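Okay, structure.txt is below, compact mmCIF, C-alpha atoms:
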```
# COMPACT_ATOMS: atom_id res chain seq x y z
CA MET A 144 29.10 14.31 3.54
CA MET A 145 26.04 12.06 3.40
CA SER A 146 26.01 9.21 0.93
CA LYS A 147 23.62 9.19 -1.99
CA LYS A 148 21.73 6.25 -0.46
CA ASN A 149 21.25 8.10 2.84
CA ILE A 150 19.96 11.18 1.01
CA ILE A 151 17.50 9.08 -0.99
CA ASN A 152 16.35 7.22 2.13
CA GLY A 153 15.89 10.56 3.89
CA LEU A 154 13.76 11.86 1.01
CA TYR A 155 11.64 8.72 1.12
CA LEU A 156 11.09 9.16 4.82
CA VAL A 157 10.10 12.82 4.34
CA ILE A 158 7.58 11.89 1.63
CA PHE A 159 6.13 9.18 3.84
CA MET A 160 5.94 11.44 6.90
CA LEU A 161 4.30 14.25 4.92
CA SER A 162 1.73 11.81 3.65
CA ILE A 163 0.96 10.61 7.16
CA SER A 164 0.84 14.15 8.55
CA LEU A 165 -2.06 14.95 6.24
CA SER A 166 -4.20 12.84 8.55
CA ALA A 167 -3.86 15.54 11.23
CA VAL A 168 -6.40 17.81 9.48
CA PRO A 169 -9.40 18.95 11.62
CA VAL A 170 -12.36 16.53 11.66
CA LYS A 171 -14.72 18.33 9.24
CA ALA A 172 -11.97 19.07 6.76
CA GLN A 173 -10.65 15.56 7.25
CA ASN A 174 -13.96 14.04 6.18
CA ARG A 175 -13.97 16.12 2.99
CA ALA A 176 -10.29 15.54 2.31
CA GLN A 177 -10.18 11.87 3.33
CA ASP A 178 -10.39 10.51 -0.22
CA SER A 179 -7.81 13.01 -1.41
CA THR A 180 -5.51 12.22 1.50
CA GLN A 181 -5.80 8.50 0.89
CA ARG A 182 -5.05 9.00 -2.81
CA ASN A 183 -2.03 11.17 -1.99
CA LEU A 184 -0.73 8.70 0.56
CA ARG A 185 -1.28 5.80 -1.80
CA HIS A 186 0.46 7.67 -4.63
CA ASN A 187 3.43 8.61 -2.44
CA LEU A 188 3.83 5.05 -1.19
CA PHE A 189 3.54 3.76 -4.75
CA THR A 190 6.22 6.19 -5.92
CA LEU A 191 8.49 5.36 -3.01
CA ARG A 192 8.10 1.62 -3.57
CA ALA A 193 8.68 1.94 -7.33
CA LEU A 194 11.85 4.01 -6.86
CA ARG A 195 13.24 1.72 -4.19
CA MET A 196 12.38 -1.36 -6.24
CA THR A 197 14.17 0.08 -9.27
CA GLN A 198 17.26 0.72 -7.18
CA GLU A 199 17.28 -2.53 -5.24
CA LEU A 200 16.67 -4.74 -8.27
CA GLU A 201 18.97 -2.70 -10.50
CA LEU A 202 16.38 -2.78 -13.28
CA THR A 203 17.48 -2.10 -16.84
CA GLU A 204 15.68 0.49 -18.96
CA GLN A 205 13.98 -2.31 -20.90
CA GLN A 206 12.79 -3.98 -17.70
CA THR A 207 11.53 -0.68 -16.32
CA ALA A 208 9.65 0.05 -19.55
CA ALA A 209 7.96 -3.34 -19.36
CA ILE A 210 7.31 -3.49 -15.60
CA PHE A 211 6.11 -0.01 -14.70
CA PRO A 212 2.98 0.14 -16.87
CA GLU A 213 1.83 -3.17 -15.37
CA LEU A 214 2.78 -2.02 -11.87
CA ASN A 215 0.70 1.13 -12.40
CA ARG A 216 -2.31 -0.89 -13.63
CA ALA A 217 -2.00 -3.26 -10.69
CA GLU A 218 -1.91 -0.38 -8.21
CA LYS A 219 -4.99 1.23 -9.78
CA ASP A 220 -6.87 -2.06 -9.69
CA LYS A 221 -5.87 -2.65 -6.08
CA ALA A 222 -6.89 0.91 -5.12
CA GLU A 223 -10.38 0.32 -6.50
CA LEU A 224 -10.66 -3.00 -4.69
CA GLN A 225 -9.42 -1.47 -1.43
CA LYS A 226 -11.91 1.36 -1.74
CA ALA A 227 -14.73 -1.17 -2.15
CA LEU A 228 -13.34 -3.20 0.75
CA ALA A 229 -13.23 -0.11 3.00
CA SER A 230 -16.84 0.65 2.13
CA GLU A 231 -17.93 -2.92 2.93
CA LEU A 232 -16.05 -2.82 6.24
CA ARG A 233 -17.70 0.51 7.13
CA GLU A 234 -21.09 -1.02 6.46
CA LEU A 235 -20.25 -4.11 8.51
CA ARG A 236 -19.20 -1.91 11.44
CA LEU A 237 -22.50 -0.02 11.19
CA MET A 238 -24.40 -3.29 11.11
CA LEU A 239 -22.62 -4.46 14.26
CA LYS A 240 -23.13 -1.11 15.98
CA ASN A 241 -26.85 -1.00 15.22
CA ASP A 242 -27.25 -4.69 16.00
CA LYS A 243 -30.52 -4.89 14.01
CA SER A 244 -29.38 -6.96 11.05
CA LYS A 245 -30.36 -10.51 10.23
CA ALA A 246 -27.85 -13.34 10.20
CA GLU A 247 -28.24 -13.57 6.42
CA ASP A 248 -27.24 -9.90 6.07
CA TYR A 249 -24.07 -10.54 8.05
CA GLU A 250 -23.29 -13.61 5.95
CA GLU A 251 -23.77 -11.66 2.73
CA ARG A 252 -21.55 -8.79 3.88
CA VAL A 253 -18.84 -11.16 5.16
CA ASN A 254 -18.87 -13.06 1.87
CA ARG A 255 -18.47 -9.82 -0.11
CA ILE A 256 -15.53 -8.84 2.09
CA LYS A 257 -13.92 -12.24 1.69
CA ASP A 258 -14.38 -12.02 -2.07
CA LEU A 259 -12.79 -8.56 -2.23
CA ARG A 260 -9.83 -9.79 -0.15
CA ARG A 261 -9.46 -12.76 -2.49
CA GLN A 262 -9.53 -10.43 -5.51
CA LEU A 263 -6.82 -8.25 -3.95
CA GLN A 264 -4.60 -11.26 -3.31
CA GLU A 265 -5.25 -12.54 -6.82
CA ARG A 266 -4.32 -9.19 -8.38
CA GLU A 267 -1.13 -9.09 -6.35
CA LYS A 268 -0.24 -12.60 -7.53
CA VAL A 269 -0.91 -11.71 -11.17
CA PHE A 270 1.47 -8.76 -10.90
CA GLU A 271 4.13 -10.79 -9.12
CA ASP A 272 3.91 -13.54 -11.75
CA PHE A 273 4.33 -10.91 -14.47
CA LEU A 274 7.19 -9.28 -12.60
CA PHE A 275 9.01 -12.57 -12.15
CA SER A 276 8.72 -13.25 -15.87
CA GLN A 277 10.74 -10.06 -16.45
CA LEU A 278 13.46 -10.60 -13.84
CA THR A 279 16.66 -12.60 -13.65
CA ALA A 280 17.10 -15.19 -10.89
CA VAL A 281 19.20 -12.75 -8.84
CA GLN A 282 16.62 -9.98 -9.27
CA LYS A 283 13.86 -12.36 -8.13
CA ALA A 284 15.83 -13.08 -4.98
CA ARG A 285 16.42 -9.36 -4.44
CA TYR A 286 12.70 -8.67 -4.96
CA ILE A 287 11.68 -11.19 -2.29
CA ILE A 288 14.01 -9.53 0.21
CA PHE A 289 13.09 -6.01 -0.94
CA SER A 290 9.37 -6.67 -0.64
CA PHE A 291 9.66 -8.14 2.84
CA ASP A 292 11.98 -5.36 4.08
CA PHE A 293 9.96 -2.55 2.50
CA ASN A 294 6.66 -3.74 3.97
CA ARG A 295 8.19 -4.37 7.40
CA THR A 296 9.83 -0.94 7.41
CA MET A 297 6.60 0.84 6.47
CA ILE A 298 4.71 -1.00 9.21
CA GLU A 299 7.39 -0.14 11.77
CA ARG A 300 7.50 3.52 10.76
CA THR A 301 3.73 3.81 10.87
CA HIS A 302 3.66 2.18 14.29
CA ARG A 303 6.45 4.45 15.52
CA MET A 304 4.56 7.54 14.33
CA LYS A 305 1.46 6.37 16.16
CA MET A 306 3.56 5.84 19.29
CA GLY A 307 4.90 9.39 19.19
CA GLY A 308 8.31 8.68 17.71
CA GLN A 309 9.38 5.97 20.17
CA LYS A 310 11.69 3.25 18.91
CA VAL A 311 9.91 0.07 17.87
CA LYS A 312 11.42 -3.09 19.32
```

Could I get this file's structure written as structure tokens?
Amino acid sequence: MMSKKNIINGLYLVIFMLSISLSAVPVKAQNRAQDSTQRNLRHNLFTLRALRMTQELELTEQQTAAIFPELNRAEKDKAELQKALASELRELRLMLKNDKSKAEDYEERVNRIKDLRRQLQEREKVFEDFLFSQLTAVQKARYIIFSFDFNRTMIERTHRMKMGGQKVK
């Protein structure tokens, strides 16, 4: 019989894979559904991360009640910033493709992108500072390891899916 942890990990993987598989929609439908797909993927990853974090840190009910509203706000703020960043990057790619822009236009666009990246990092730091104010020393240590492992695992799984299921070294 499979352990509870293996079942939960399997469910997480299924959610993640379903989210990724939504990107296989035909091109016209993909353009219309791109925002929805990105929201669904973002929501699924948020849910997966929140569940895993709760388990790994062994959060109490009081900690969960304090942390999750702020985590939700942080994710919404970051989603808005990432949407703006994606738009700016699209515009920068168009500028480079058309190759008709002035140097000042490139500078302005690059500065907006740098500012959005700074805002994203700042928002992440604000959340982490809040989170650490709610955790014990052991939970802080667990969070550092959890965060590193979770992000690395998601990158590896994404890369593996792009490589057709091959093992990532």

### Message
Counting all atoms listed in the file, which residue out of A:Glu213, A:Arg285, A:Met304, A:Ala222 sits closest to Phe270 of chain A?
### Response
A:Glu213

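Reported to one decimal place, the separation of atom CA of Leu200 of chain A from atom CA of Val281 of chain A is 8.4 Å.
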
### Residue neighbourhood Ala229 of chain A, 12 Å, only C-alpha atoms, exclusion window fewer than 6 positions, as a ChimeraX atom specification
/A:178,181,221-223,235-236,255-256,259-260

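In this comparison, which uses only C-alpha atoms, the residue of A:Tyr286, A:His186, A:Asn254, A:Gln264 approaching Leu224 of chain A most closely is A:Gln264.
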
### Task
Compile the contact shell of Glu271 of chain A as number ranges by chain: residues with an atom at most 10 Å away, counting all atoms listed in the file, same-chain residues fewer than 6 positions apart removed.
A: 214, 217, 265, 277, 283, 286

Export C-alpha atoms of the chosen residues as a PDB file, in the frame of the given file?
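So selection_10.pdb came out as:
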```
ATOM      1  CA  LEU A 214       2.780  -2.020 -11.870  1.00  0.00           C
ATOM      2  CA  ALA A 217      -2.000  -3.260 -10.690  1.00  0.00           C
ATOM      3  CA  GLU A 265      -5.250 -12.540  -6.820  1.00  0.00           C
ATOM      4  CA  GLN A 277      10.740 -10.060 -16.450  1.00  0.00           C
ATOM      5  CA  LYS A 283      13.860 -12.360  -8.130  1.00  0.00           C
ATOM      6  CA  TYR A 286      12.700  -8.670  -4.960  1.00  0.00           C
TER       7      TYR A 286
END
```

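Closest approach to Glu234 of chain A among A:Tyr249, A:Phe275, A:Phe293, A:Phe211 is made by A:Tyr249 (distances from all atoms listed in the file).
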
### Met196 of chain A surroundings by all atoms listed in the file, 9 Å radius, close-in-sequence under 5 positions cut, as a PyMOL selection string
chain A and resi 191+201-202+286+289-290

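Atom CA of Glu218 of chain A to atom CA of Phe189 of chain A spans 7.7 Å [interatomic distance, one decimal].
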
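One distance worth recording is that between atom CA of Leu188 of chain A and atom CA of Thr301 of chain A, which is 12.1 Å.
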
### Residue nearest Arg266 of chain A among A:Arg295, A:Thr190, A:Gln225, A:Leu237 (counting all atoms listed in the file)
A:Gln225

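Comparing A:Ala284, A:Asn241, A:Arg192, A:Gln205 by their smallest distance to Met297 of chain A, the closest is A:Arg192 (using only C-alpha atoms).
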
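Across A:Leu228, A:Asp220, A:Thr180, A:Gln206, the tightest approach to Ser276 of chain A is made by A:Gln206 when counting only C-alpha atoms.
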
Segment 246-265 of chain A: axis-aligned bounding box, 3 Å on each side, centre and edge lengths in Å, one decimal, as lines of an AutoDock Vina configuration file:
```
center_x = -16.4
center_y = -10.9
center_z = 1.7
size_x = 29.6
size_y = 11.4
size_z = 23.0
```

Repair of segment 259-272 of chain A at the level of N, CA and C atoms, as a short mmCIF file (atom, residue, chain, number, x, y, z; two decimals), in the frame of the given file:
```cif
data_model
loop_
_atom_site.label_atom_id
_atom_site.label_comp_id
_atom_site.auth_asym_id
_atom_site.auth_seq_id
_atom_site.Cartn_x
_atom_site.Cartn_y
_atom_site.Cartn_z
N LEU A 259 -13.66 -9.70 -1.92
CA LEU A 259 -12.79 -8.56 -2.23
C LEU A 259 -11.35 -8.83 -1.78
N ARG A 260 -11.18 -9.43 -0.62
CA ARG A 260 -9.83 -9.79 -0.15
C ARG A 260 -9.19 -10.79 -1.10
N ARG A 261 -9.97 -11.76 -1.56
CA ARG A 261 -9.46 -12.76 -2.49
C ARG A 261 -9.04 -12.09 -3.80
N GLN A 262 -9.86 -11.15 -4.28
CA GLN A 262 -9.53 -10.43 -5.51
C GLN A 262 -8.24 -9.62 -5.36
N LEU A 263 -8.05 -8.99 -4.20
CA LEU A 263 -6.82 -8.25 -3.95
C LEU A 263 -5.60 -9.17 -3.99
N GLN A 264 -5.71 -10.30 -3.33
CA GLN A 264 -4.60 -11.26 -3.31
C GLN A 264 -4.33 -11.79 -4.72
N GLU A 265 -5.38 -12.04 -5.45
CA GLU A 265 -5.25 -12.54 -6.82
C GLU A 265 -4.56 -11.51 -7.71
N ARG A 266 -4.93 -10.25 -7.56
CA ARG A 266 -4.32 -9.19 -8.38
C ARG A 266 -2.85 -9.04 -8.05
N GLU A 267 -2.52 -9.15 -6.77
CA GLU A 267 -1.13 -9.09 -6.35
C GLU A 267 -0.34 -10.25 -6.95
N LYS A 268 -0.92 -11.42 -6.97
CA LYS A 268 -0.24 -12.60 -7.53
C LYS A 268 -0.05 -12.45 -9.04
N VAL A 269 -1.04 -11.92 -9.73
CA VAL A 269 -0.91 -11.71 -11.17
C VAL A 269 0.26 -10.77 -11.46
N PHE A 270 0.34 -9.68 -10.68
CA PHE A 270 1.47 -8.76 -10.90
C PHE A 270 2.80 -9.44 -10.59
N GLU A 271 2.87 -10.15 -9.48
CA GLU A 271 4.13 -10.79 -9.12
C GLU A 271 4.54 -11.83 -10.16
N ASP A 272 3.60 -12.58 -10.69
CA ASP A 272 3.91 -13.54 -11.75
C ASP A 272 4.47 -12.82 -12.98
#
```
